[in-house]
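Undergrad: Can you keep this structure in mind? I'll have questions shortly.
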Amino acid sequence: MRFMVIDKAKKEDGGAPPEPQLMADMNKVNDELLEAGVLLGYDGLYPSSKAARVHFSGKNRTVIDGPFAESKELIAGFWFWQVKSLEEAIEWVKRCPNPHEREADIEIRQILEPEDFASAFNDEEIQQEKNFRARMAANAAKK
């Protein structure tokens, strides 16, 4: 099972980079995740002051420039993990340092796999999706 593990942003952080000790602690956990074969990828994100949203309303598109007021909806960073269960992902998250050294949340969301769409797509369409994902991975490996 693949999961996206989401570090929620805090308004009071203002997009400042993490303290060096926190980065060292996070790198230690990332090393453990990598050695365990769990870590598929990870990244941090710029603050919403350097972002934009595109709002869809029928055929209309409206661009909204950041920063965004609702910091509880913002993401500071994320990981992609391959684990056997949600429970295993929870155990890994519990090993993470507190990313904001105060009240904080890390959200864990399972990623849909092509087979999860079996009720909406036939076997051929699911295979097409798998082929597309393989092409996407091959393109990423070329760069």
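Simple scheme: letters A, B, ... for chains in structure tokens order, numbers from 1 for residues in each chain, numbers from 1 for ligands in the order shown.
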With a distance cut-off of 12 Å and only C-alpha atoms, select the neighbouring residues of Leu34 of chain A, excluding the residue or stretch itself and same-chain residues fewer than 4 positions from it, and output the selection as an mmCIF file with C-alpha atoms, in the first residue's frame.
TA:
data_model
loop_
_atom_site.group_PDB
_atom_site.id
_atom_site.type_symbol
_atom_site.label_atom_id
_atom_site.label_comp_id
_atom_site.auth_asym_id
_atom_site.auth_seq_id
_atom_site.Cartn_x
_atom_site.Cartn_y
_atom_site.Cartn_z
ATOM 1 C CA ASN A 27 17.103 13.276 7.991
ATOM 2 C CA LYS A 28 17.710 10.524 10.540
ATOM 3 C CA VAL A 29 14.112 9.339 10.176
ATOM 4 C CA ASN A 30 14.344 9.642 6.375
ATOM 5 C CA VAL A 38 9.487 2.464 2.966
ATOM 6 C CA LEU A 39 10.502 5.825 1.481
ATOM 7 C CA LEU A 40 9.483 6.381 -2.151
ATOM 8 C CA GLY A 41 9.952 10.156 -2.197
ATOM 9 C CA TYR A 42 9.621 13.358 -0.191
ATOM 10 C CA TRP A 79 6.470 11.920 1.863
ATOM 11 C CA PHE A 80 5.397 8.977 -0.271
ATOM 12 C CA TRP A 81 5.711 5.673 1.568
ATOM 13 C CA GLN A 82 5.210 2.024 0.637
ATOM 14 C CA VAL A 83 4.043 0.053 3.699
ATOM 15 C CA TRP A 92 6.506 5.359 11.282
#
Undergrad: Pull the strand (DSSP E or B) assignments for segment 23-108 of chain A out of DSSP run on the backbone, and list those residues as a list in words.
TA: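 Listing strand (DSSP E or B) positions across segment 23-108 of chain A yields Leu39, Leu40, Gly41, Tyr42, Asp43, Gly44, Ala52, Arg53, Val54, His55, Phe56, Ser57, Asn60, Arg61, Thr62, Val63, Ile64, Asp65, Ile75, Ala76, Gly77, Phe78, Trp79, Phe80, Trp81, Gln82, Ile106, Glu107 and Ile108 of chain A.
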Undergrad: Those residues with C-alpha atoms, as a PDB file, in the first residue's frame please?
TA:
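In the end it all went to again-v2.pdb:
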ATOM      1  CA  LEU A  39      10.502   5.825   1.481  1.00  0.00           C
ATOM      2  CA  LEU A  40       9.483   6.381  -2.151  1.00  0.00           C
ATOM      3  CA  GLY A  41       9.952  10.156  -2.197  1.00  0.00           C
ATOM      4  CA  TYR A  42       9.621  13.358  -0.191  1.00  0.00           C
ATOM      5  CA  ASP A  43       9.764  17.119  -0.551  1.00  0.00           C
ATOM      6  CA  GLY A  44       9.113  20.355   1.272  1.00  0.00           C
ATOM      7  CA  ALA A  52      -1.481  30.395  -6.531  1.00  0.00           C
ATOM      8  CA  ARG A  53      -4.833  28.624  -6.657  1.00  0.00           C
ATOM      9  CA  VAL A  54      -7.004  28.230  -9.702  1.00  0.00           C
ATOM     10  CA  HIS A  55     -10.715  28.267  -8.855  1.00  0.00           C
ATOM     11  CA  PHE A  56     -13.031  26.414 -11.230  1.00  0.00           C
ATOM     12  CA  SER A  57     -16.638  27.481 -11.681  1.00  0.00           C
ATOM     13  CA  ASN A  60     -14.593  29.915 -15.767  1.00  0.00           C
ATOM     14  CA  ARG A  61     -11.143  29.875 -14.178  1.00  0.00           C
ATOM     15  CA  THR A  62     -10.048  32.418 -11.586  1.00  0.00           C
ATOM     16  CA  VAL A  63      -6.476  32.681 -10.338  1.00  0.00           C
ATOM     17  CA  ILE A  64      -6.021  33.535  -6.662  1.00  0.00           C
ATOM     18  CA  ASP A  65      -2.524  34.524  -5.551  1.00  0.00           C
ATOM     19  CA  ILE A  75       0.883  21.601   3.349  1.00  0.00           C
ATOM     20  CA  ALA A  76       4.483  22.266   4.397  1.00  0.00           C
ATOM     21  CA  GLY A  77       5.866  19.047   2.976  1.00  0.00           C
ATOM     22  CA  PHE A  78       5.094  15.431   2.174  1.00  0.00           C
ATOM     23  CA  TRP A  79       6.470  11.920   1.863  1.00  0.00           C
ATOM     24  CA  PHE A  80       5.397   8.977  -0.271  1.00  0.00           C
ATOM     25  CA  TRP A  81       5.711   5.673   1.568  1.00  0.00           C
ATOM     26  CA  GLN A  82       5.210   2.024   0.637  1.00  0.00           C
ATOM     27  CA  ILE A 106       0.796  14.899  10.225  1.00  0.00           C
ATOM     28  CA  GLU A 107      -1.915  13.437   8.000  1.00  0.00           C
ATOM     29  CA  ILE A 108      -1.681   9.969   6.457  1.00  0.00           C
TER      30      ILE A 108
END
Undergrad: List the neighbours of Arg109 of chain A out to 7 Å using only C-alpha atoms; skip same-chain residues closer than 6 positions along the sequence, and give me the result as a list in words.
TA: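 My reading of the contact set: Phe3, Met4 and Val5 of chain A.
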Undergrad: Suppose we keep all heavy atoms; can you now write the selection as a PDB file, in the first residue's frame?
TA:
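Output saved as part24.pdb:
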ATOM      1  N   PHE A   3       1.162   5.361   0.660  1.00  0.00           N
ATOM      2  CA  PHE A   3       0.544   6.428   1.429  1.00  0.00           C
ATOM      3  C   PHE A   3       1.265   7.732   1.163  1.00  0.00           C
ATOM      4  O   PHE A   3       2.480   7.748   0.949  1.00  0.00           O
ATOM      5  CB  PHE A   3       0.620   6.130   2.931  1.00  0.00           C
ATOM      6  CG  PHE A   3      -0.306   5.032   3.375  1.00  0.00           C
ATOM      7  CD1 PHE A   3       0.085   3.710   3.299  1.00  0.00           C
ATOM      8  CD2 PHE A   3      -1.575   5.331   3.851  1.00  0.00           C
ATOM      9  CE1 PHE A   3      -0.765   2.689   3.699  1.00  0.00           C
ATOM     10  CE2 PHE A   3      -2.431   4.319   4.260  1.00  0.00           C
ATOM     11  CZ  PHE A   3      -2.027   2.996   4.182  1.00  0.00           C
ATOM     12  N   MET A   4       0.495   8.814   1.191  1.00  0.00           N
ATOM     13  CA  MET A   4       1.060  10.161   1.195  1.00  0.00           C
ATOM     14  C   MET A   4       0.966  10.628   2.637  1.00  0.00           C
ATOM     15  O   MET A   4      -0.105  10.608   3.237  1.00  0.00           O
ATOM     16  CB  MET A   4       0.279  11.102   0.281  1.00  0.00           C
ATOM     17  CG  MET A   4       0.839  12.490   0.226  1.00  0.00           C
ATOM     18  SD  MET A   4      -0.132  13.495  -0.922  1.00  0.00           S
ATOM     19  CE  MET A   4       0.937  14.895  -1.087  1.00  0.00           C
ATOM     20  N   VAL A   5       2.098  11.019   3.196  1.00  0.00           N
ATOM     21  CA  VAL A   5       2.169  11.476   4.571  1.00  0.00           C
ATOM     22  C   VAL A   5       2.410  12.978   4.509  1.00  0.00           C
ATOM     23  O   VAL A   5       3.402  13.434   3.929  1.00  0.00           O
ATOM     24  CB  VAL A   5       3.293  10.739   5.325  1.00  0.00           C
ATOM     25  CG1 VAL A   5       3.375  11.203   6.763  1.00  0.00           C
ATOM     26  CG2 VAL A   5       3.066   9.220   5.248  1.00  0.00           C
TER      27      VAL A   5
END
Undergrad: Skip Ser85 of chain A itself and residues of its chain fewer than 4 positions away, then list as a VMD selection string all residues within 9 Å of it, counting only C-alpha atoms.
TA: chain A and resid 1 to 2 89 to 90
Undergrad: If I take atom CA of Ala51 of chain A and atom CA of Pro17 of chain A, how far is one from the other in Å, to one decimal?
TA: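 Answer for the atom CA of Ala51 of chain A to atom CA of Pro17 of chain A separation: 16.5 Å.
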Undergrad: One decimal, in Å: what's the spacing between atom CA of Lys142 of chain A and atom CA of Gln128 of chain A?
TA: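 Separating atom CA of Lys142 of chain A from atom CA of Gln128 of chain A is a distance of 21.2 Å.
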Undergrad: When you count only C-alpha atoms, which of these residues is closest to Gln21 of chain A: A:Gly58, A:Gly66, A:Leu74, A:Asn98?
TA: A:Asn98
Undergrad: For a test of reading the model, state the distance in Å between atom CA of Met26 of chain A and atom CA of Arg95 of chain A, rounded to one decimal.
TA: 9.7 Å
